[in-house]
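Chemist: Before anything else, here's the structure in question.
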There are 2 protein chains.
Amino acid sequence: MTKQLKNMKPVDTGSLVDKVEVRLLAFFKENNLKPGDAIPKELDFAESLGVSRTVVREALLRLRTLGLVESKKHRGMILKQPDIINNFERIMDPTLLGEDTLKQLFELRLILEMGMADFLFENRTQKDMDELEEIVAAEEATDTGKIRFTLDKEIAFHGKLYQMSNNSTLQKFQNLLLPVFDYVYLKETKNTDLDGYHFSGGKFISHRMLFENLKVGTPETFRNAMRRHLEPHFDHAFKSNSK
Amino acid sequence: MTKQLKNMKPVDTGSLVDKVEVRLLAFFKENNLKPGDAIPKELDFAESLGVSRTVVREALLRLRTLGLVESKKHRGMILKQPDIINNFERIMDPTLLGEDTLKQLFELRLILEMGMADFLFENRTQKDMDELEEIVAAEEATDTGKIRFTLDKEIAFHGKLYQMSNNSTLQKFQNLLLPVFDYVYLKETKNTDLDGYHFSGGKFISHRMLFENLKVGTPETFRNAMRRHLEPHFDHAFKSNSK
């Protein structure tokens with residue numbers, strides 16, 4: 001290879017539409033455009049960027065798919081406040097995600113439930129607490145005396161906690177992670193006999209105990225109780241690490 | 001209005017492309033297609049669904065934008081394992097997100113940092129700890145003796161913690177939330193005089209103290225230390241709630 005050829009940069013093979021997408025996003029930013037602002041016409045972008053209208057149209061179509069722009073009657077296209085959850089939702093299919101990603105999303109759930117305690121104590125209302133107690137009571141009414149995780153009971157109780165965090169982004173995030181939780185959870189419980197489970201902290205922390213803790217405890221005591229409640233899931237996460 | 005007209009259902013004005021997108025996703029699921037599997041041709045979908053090729057093409061283009069399918073030379077289109085972070089990345093522009101969403105994403109950061117303790121203790125390596133100590137030492141070398149949050153120091157230390165969690169989805173998530181953190185953080189520090197800040201737990205917990213805690217403590221002691229370290233941010237989050 002000659003010296004000259006060594007210094008040649010490889011041809012940029014990135015697609016033209018990719019480049020135009022990036023340029024459009026940069027244009028919105030540089031011009032400080034806000035949601036609701038009209039954006040220039042397809043033809044004007046095409047002329048400025050020196051590309052075909054078809055390329056601009058495809059790039060704009062992508063931005064529409066991502067929820068960043070929308071078409072308005074008589075106004076052309078305007079910028080839109082993107083729904084960060086909606087995009088996630090469409091791709092969150094456990095059968096399409098890899099094992100690693102599923103495992104990491106399940107860990108993310110444990111992290112969120114451990115971390116939300118302060119927001120629960122800050123935002124809990126009497127109405128919330130009453131509803132949470134109803135959930136616990138309904139659960140106890142069908143209790144078999146054995147420690148059993150059943151998915152619907154888990155979702156009812158922990159879902160209510162997410163709702164009580166008073167953070168709708170977190171709550172939507174949890175909702176769309178649910179299929180992933182189901183998926184990992186079912187695999188996990190197949191291999192775990194909870195009746196014979198040895199809890200390092202002594203005894204099992206039930207939903208009732210978590211409820212009582214949220215009533216009279218502090219974020220600190222609640223986090224410790226939640227950690228013990230989630231112990232089989234943590235153990236499972238750590239065990240599959242060392243495999 | 002006559003009785004008959006009352007019972008007429010409104011015309012469904014949802015776009016045809018929306019419907020085809022949903023039908024394609026359902027088709028992949030029902031047929032248990034996995035990443036790497038080839039999918040039927042545009043024309044075949046069009047015939048089965050009774051819509052034009054243009055409509056199918058646009059729906060497939062959307063799925064390509066979302067990273068769910070890709071075109072392969074000589075193989076047509078195949079299903080792809082979607083990168084759940086990549087879609088987020090393109091829309092995560094703080095100037096386009098609403099104030100509520102920004103606030104909630106910032107709260108999400110606090111939740112993640114409070115919740116990740118167990119994974120730090122489980123996965124920390126000597127190399128990680130050495131690097132974390134270097135970060136703390138470099139920070140102290142430029143210390144002014146006052147409690148000051150500066151964004152680059154925060155990112156270096158807390159970014160390393162995310163990395164040590166050994167969860168690449170969490171880490172990518174943190175990376176793409178960074179512009180949001182910057183944005184909220186700068187607004188927050190403008191209104192907070194940390195030198196005169198009263199910490200309810202007594203004194204301020206520094207990065208050095210967090211590091212020492214991670215070295216000799218437990219997830220429980222680390223969570224309590226992290227809570228006090230993040231106290232100004234929590235206070236800020238709670239204060240803006242009550243406004």
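All residue names refer to the structure tokens as shown: chains lettered A, B, ... in order, residues numbered from 1 in each chain, ligands numbered from 1 in order.
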Set the cut-off to 6 Å and count only C-alpha atoms: what are the residues of chain A that reach chain B? Output as a ChimeraX atom specification.
Modeler: /A:62,65,81,96-97,104,111-112,114-116,167
Chemist: Could you work out how far atom CA of B:Phe106 lies from atom CA of A:Ala26, giving the answer in Å with one decimal?
Modeler: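 Computed distance, atom CA of A:Ala26 to atom CA of B:Phe106, equals 24.0 Å.
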Chemist: Apply DSSP to the structure's backbone, then extract all residues of stretch 19-212 of chain A labelled strand (DSSP E or B) and return them as a PyMOL selection string.
Modeler: chain A and resi 38+69-72+76-79+199+202
Chemist: Using only C-alpha atoms, which of the listed residues (B:Ala225, B:Val184, B:Val216, B:Leu16) sits closest to B:Lys203?
Modeler: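 Of B:Ala225, B:Val184, B:Val216, B:Leu16, the one nearest B:Lys203 is B:Ala225, counting only C-alpha atoms.
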Chemist: Atom CA of B:Arg208 and atom CA of B:Val136, how far apart in Å?
Modeler: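 Going from atom CA of B:Val136 over to atom CA of B:Arg208, I get 6.0 Å.
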Chemist: Any chance you could list, as JSON, numbers by chain, the residues in stretch 38-129 of chain A that come up alpha helix (DSSP H) when DSSP is run on the backbone?
Modeler: {"A": [42, 43, 44, 45, 46, 47, 48, 49, 53, 54, 55, 56, 57, 58, 59, 60, 61, 62, 63, 64, 65, 84, 85, 86, 87, 88, 89, 90, 91, 99, 100, 101, 102, 103, 104, 105, 106, 107, 108, 109, 110, 111, 112, 113, 114, 115, 117, 118, 119, 120, 121, 122, 123, 126, 127, 128, 129]}
Chemist: What does the distance between atom CA of B:Asn213 and atom CA of B:Lys127 come to in Å, to one decimal place?
Modeler: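 Answer for the atom CA of B:Asn213 to atom CA of B:Lys127 separation: 16.6 Å.
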